[in-house]
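Participant: Could you have a look at this structure, given as structure tokens, before my questions?
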Amino acid sequence: MPRLDSLILEFDRALRTLTGVHRAQRDSPAAPVAEGALDADARAEAAALMRVNHVGEVCAQALYQGQALTARAPENRRALAQAAMEEQDHLVWSAERIGELGGRRSLLNPLWYGGAFALGAVAGALGDRWNLAFVAETERQVEAHLEGHLEKLCAADRRTRAVVEAMRADEARHRASAIALGAAELPQAVKLGMRALAKVMTAVAYRV
């Protein structure tokens, strides 16, 4: 049973995620990259894609915090907490790039966070092997999602591409870590359900 101080800490983390007051531990991969010559359509498309990615990182914060709250093995809690810190970098990088492109973050972020936190807490309560299985599958799907964004982004948009490529590399490492810690293999029906939910979320976040 989570202690009261743990719940208060999670509430504080939720507020920080939703209000955008986090700080990245690592510099943005876009920092050393010069801005390309982008027309209005390319900037709008990149901003919408990065809004989707930012929503994904809001959900990642919520998922990892919910999973860490209910995970049983200390080493798994530590691994989830470390992954959450790295995903926090993604959250900041995405928000920064959205601002540079003249876009805005999703208006539904509180909804995304609440739903993802509940899913993470349930996954953790099912036991560590299934908790880690959920991490591994989530990261696998996010990798594929980011790969799709790289295909859609304008070739001249090197700053956005640098951020997405770095995020993709981190997601692959998180997936490998979850597998190494003993993740089970989720049933195919669960994987398909996760994929369907992700499609709904990305379609809405692209516009709202």
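Just remember, in the structure tokens the first chain shown is A, the second B, etc., residues are 1-based per chain, and ligands are 1-based in the order shown.
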Residues within 12 Å of Ser106 (chain A), please, as a list of chain:residue names. Count only C-alpha atoms; anything in the same chain fewer than 6 positions from it doesn't count.
Facilitator: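 Within the cut-off, the hits are A:Leu18, A:Thr19, A:Ala47, A:Ala48, A:Leu49, A:Met50, A:Arg51, A:Val52, A:Asn53, A:His54, A:Val55, A:Gly56, A:Glu57, A:Val58, A:Cys59, A:Ser94, A:Ala95, A:Ile98, A:Trp112, A:Tyr113, A:Met201, A:Thr202, A:Ala203, A:Val204, A:Ala205, A:Tyr206, A:Arg207, A:Val208.
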Participant: Write out, as a PDB file, in the first residue's frame, the residues just selected, with C-alpha atoms.
Facilitator:
```pdb
ATOM      1  CA  LEU A  18       1.307  19.399 -16.315  1.00  0.00           C
ATOM      2  CA  THR A  19       2.581  22.920 -15.636  1.00  0.00           C
ATOM      3  CA  ALA A  47       4.728  21.459 -34.248  1.00  0.00           C
ATOM      4  CA  ALA A  48       1.749  19.091 -34.436  1.00  0.00           C
ATOM      5  CA  LEU A  49       4.012  16.029 -34.435  1.00  0.00           C
ATOM      6  CA  MET A  50       5.976  17.372 -31.479  1.00  0.00           C
ATOM      7  CA  ARG A  51       2.700  18.051 -29.659  1.00  0.00           C
ATOM      8  CA  VAL A  52       1.899  14.363 -30.097  1.00  0.00           C
ATOM      9  CA  ASN A  53       5.363  13.489 -28.781  1.00  0.00           C
ATOM     10  CA  HIS A  54       4.917  15.828 -25.829  1.00  0.00           C
ATOM     11  CA  VAL A  55       1.631  14.103 -24.975  1.00  0.00           C
ATOM     12  CA  GLY A  56       3.474  10.794 -25.187  1.00  0.00           C
ATOM     13  CA  GLU A  57       6.019  12.082 -22.693  1.00  0.00           C
ATOM     14  CA  VAL A  58       3.287  13.340 -20.352  1.00  0.00           C
ATOM     15  CA  CYS A  59       1.869   9.824 -20.490  1.00  0.00           C
ATOM     16  CA  SER A  94       9.498  18.428 -26.776  1.00  0.00           C
ATOM     17  CA  ALA A  95       8.006  21.472 -25.075  1.00  0.00           C
ATOM     18  CA  ILE A  98       6.993  23.161 -29.819  1.00  0.00           C
ATOM     19  CA  TRP A 112      -3.811  12.012 -20.675  1.00  0.00           C
ATOM     20  CA  TYR A 113      -1.849  12.078 -17.414  1.00  0.00           C
ATOM     21  CA  MET A 201      -4.481   9.384 -28.463  1.00  0.00           C
ATOM     22  CA  THR A 202      -2.158  10.435 -31.282  1.00  0.00           C
ATOM     23  CA  ALA A 203      -5.035  11.341 -33.603  1.00  0.00           C
ATOM     24  CA  VAL A 204      -6.620  13.584 -30.969  1.00  0.00           C
ATOM     25  CA  ALA A 205      -3.333  15.078 -29.724  1.00  0.00           C
ATOM     26  CA  TYR A 206      -2.319  15.984 -33.289  1.00  0.00           C
ATOM     27  CA  ARG A 207      -5.250  18.416 -33.391  1.00  0.00           C
ATOM     28  CA  VAL A 208      -6.112  19.312 -29.775  1.00  0.00           C
TER      29      VAL A 208
END
```
Participant: Report the closest atom pair, with its distance in Å rounded to one decimal, for each residue of region 40-103 of chain A that has an atom no farther than 8 Å from region 137-159 of chain A; count only C-alpha atoms, sort by chain and then rising residue number, and write it as JSON lines.
Facilitator:
```
{"residue": "A:Ala42", "atom": "CA", "partner": "A:Cys154", "partner_atom": "CA", "distance": 6.4}
{"residue": "A:Glu45", "atom": "CA", "partner": "A:Leu153", "partner_atom": "CA", "distance": 7.6}
{"residue": "A:Ala46", "atom": "CA", "partner": "A:Leu153", "partner_atom": "CA", "distance": 6.3}
{"residue": "A:Leu49", "atom": "CA", "partner": "A:His149", "partner_atom": "CA", "distance": 6.9}
```
Participant: For the selection you just gave me, I'd like the residues written to a file as a PDB file, in the first residue's frame, keeping all heavy atoms.
Facilitator:
```pdb
ATOM      1  N   ALA A  42       5.566  23.286 -43.158  1.00  0.00           N
ATOM      2  CA  ALA A  42       6.518  22.387 -42.515  1.00  0.00           C
ATOM      3  C   ALA A  42       6.599  22.665 -41.020  1.00  0.00           C
ATOM      4  O   ALA A  42       6.687  21.741 -40.203  1.00  0.00           O
ATOM      5  CB  ALA A  42       7.902  22.536 -43.150  1.00  0.00           C
ATOM      6  N   GLU A  45       3.367  21.326 -39.371  1.00  0.00           N
ATOM      7  CA  GLU A  45       3.383  19.867 -39.292  1.00  0.00           C
ATOM      8  C   GLU A  45       4.325  19.400 -38.187  1.00  0.00           C
ATOM      9  O   GLU A  45       3.984  18.519 -37.383  1.00  0.00           O
ATOM     10  CB  GLU A  45       3.813  19.273 -40.628  1.00  0.00           C
ATOM     11  CG  GLU A  45       4.033  17.764 -40.640  1.00  0.00           C
ATOM     12  CD  GLU A  45       2.754  16.961 -40.500  1.00  0.00           C
ATOM     13  OE1 GLU A  45       1.657  17.559 -40.446  1.00  0.00           O
ATOM     14  OE2 GLU A  45       2.837  15.715 -40.455  1.00  0.00           O
ATOM     15  N   ALA A  46       5.515  19.993 -38.118  1.00  0.00           N
ATOM     16  CA  ALA A  46       6.478  19.609 -37.082  1.00  0.00           C
ATOM     17  C   ALA A  46       5.942  19.936 -35.693  1.00  0.00           C
ATOM     18  O   ALA A  46       6.112  19.150 -34.748  1.00  0.00           O
ATOM     19  CB  ALA A  46       7.806  20.316 -37.313  1.00  0.00           C
ATOM     20  N   LEU A  49       3.365  17.297 -34.763  1.00  0.00           N
ATOM     21  CA  LEU A  49       4.012  16.029 -34.435  1.00  0.00           C
ATOM     22  C   LEU A  49       4.694  16.102 -33.068  1.00  0.00           C
ATOM     23  O   LEU A  49       4.634  15.153 -32.271  1.00  0.00           O
ATOM     24  CB  LEU A  49       5.025  15.654 -35.509  1.00  0.00           C
ATOM     25  CG  LEU A  49       4.449  15.303 -36.891  1.00  0.00           C
ATOM     26  CD1 LEU A  49       5.574  15.053 -37.880  1.00  0.00           C
ATOM     27  CD2 LEU A  49       3.527  14.094 -36.809  1.00  0.00           C
TER      28      LEU A  49
END
```
Participant: Using only C-alpha atoms, which residues sit within 7 Å of Thr160 (chain A) once same-chain residues fewer than 4 positions away are excluded, as a count of residues only?
Facilitator: 3
Participant: Could you state the separation of CA of Ala184 (chain A) and CA of Arg78 (chain A) in Å, given to one decimal place?
Facilitator: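 CA of Arg78 (chain A) lies 18.6 Å from CA of Ala184 (chain A).
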Participant: Quick one: distance from CA of Val163 (chain A) to CA of Gln82 (chain A) in Å, one decimal?
Facilitator: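 Separating CA of Val163 (chain A) from CA of Gln82 (chain A) is a distance of 19.4 Å.
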Participant: Take CA of Trp130 (chain A) and CA of Arg72 (chain A) and report the distance between them in Å, one decimal.
Facilitator: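 Result for CA of Trp130 (chain A) versus CA of Arg72 (chain A): 11.5 Å, one decimal.
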Participant: Which is closer to Leu80 (chain A) than all the others in A:Ala136, A:Leu192, A:Val33, A:Leu38, using only C-alpha atoms?
Facilitator: A:Ala136
Participant: Give the alpha helix (DSSP H) residues of chain A, as DSSP finds them on the backbone, and put them as a ChimeraX atom specification.
Facilitator: /A:4-19,40-70,74-100,109-125,128-152,158-180,188-207
Participant: Measuring between only C-alpha atoms, which one of A:Ala189, A:Ala118, A:Ala198, A:Val135 shows the shortest distance to Arg175 (chain A)?
Facilitator: A:Val135
Participant: Check the smallest atom-to-atom distance from each of A:Ala31, A:Val200, A:Val190, A:Ala60 to Ala116 (chain A) using only C-alpha atoms, then report the winner.
Facilitator: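 Using only C-alpha atoms, Ala116 (chain A) sits closest to A:Ala60.
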Participant: Fewer than 5 positions away in the same chain doesn't count, so skip those; otherwise give me all residues within 9 Å of Ala178 (chain A), counting only C-alpha atoms, as an mmCIF file with N, CA and C atoms, in the first residue's frame.
Facilitator:
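In the end it all went to selection_24.cif:
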```cif
data_model
loop_
_atom_site.group_PDB
_atom_site.id
_atom_site.type_symbol
_atom_site.label_atom_id
_atom_site.label_comp_id
_atom_site.auth_asym_id
_atom_site.auth_seq_id
_atom_site.Cartn_x
_atom_site.Cartn_y
_atom_site.Cartn_z
ATOM 1 N N ASN A 76 13.553 -2.880 -9.540
ATOM 2 C CA ASN A 76 12.611 -2.485 -10.579
ATOM 3 C C ASN A 76 12.105 -1.064 -10.353
ATOM 4 N N ALA A 79 14.842 1.186 -11.529
ATOM 5 C CA ALA A 79 14.927 1.238 -12.996
ATOM 6 C C ALA A 79 13.803 2.093 -13.582
ATOM 7 N N LEU A 80 12.608 1.959 -13.029
ATOM 8 C CA LEU A 80 11.481 2.750 -13.501
ATOM 9 C C LEU A 80 11.683 4.232 -13.190
ATOM 10 N N LEU A 132 6.926 -4.926 -16.030
ATOM 11 C CA LEU A 132 8.022 -4.740 -16.976
ATOM 12 C C LEU A 132 7.606 -5.083 -18.401
ATOM 13 N N ALA A 133 6.717 -6.044 -18.542
ATOM 14 C CA ALA A 133 6.209 -6.389 -19.873
ATOM 15 C C ALA A 133 5.482 -5.203 -20.490
ATOM 16 N N PHE A 134 4.734 -4.496 -19.646
ATOM 17 C CA PHE A 134 4.009 -3.315 -20.114
ATOM 18 C C PHE A 134 4.991 -2.235 -20.551
ATOM 19 N N VAL A 135 6.077 -2.068 -19.785
ATOM 20 C CA VAL A 135 7.119 -1.105 -20.157
ATOM 21 C C VAL A 135 7.729 -1.474 -21.506
ATOM 22 N N ALA A 136 8.121 -2.729 -21.652
ATOM 23 C CA ALA A 136 8.795 -3.162 -22.869
ATOM 24 C C ALA A 136 7.915 -2.965 -24.097
ATOM 25 N N ARG A 173 16.617 1.806 -25.347
ATOM 26 C CA ARG A 173 17.381 1.399 -24.168
ATOM 27 C C ARG A 173 16.456 1.030 -23.006
ATOM 28 N N ALA A 183 11.063 -8.991 -18.005
ATOM 29 C CA ALA A 183 9.719 -8.728 -18.509
ATOM 30 C C ALA A 183 9.102 -9.965 -19.136
#
```
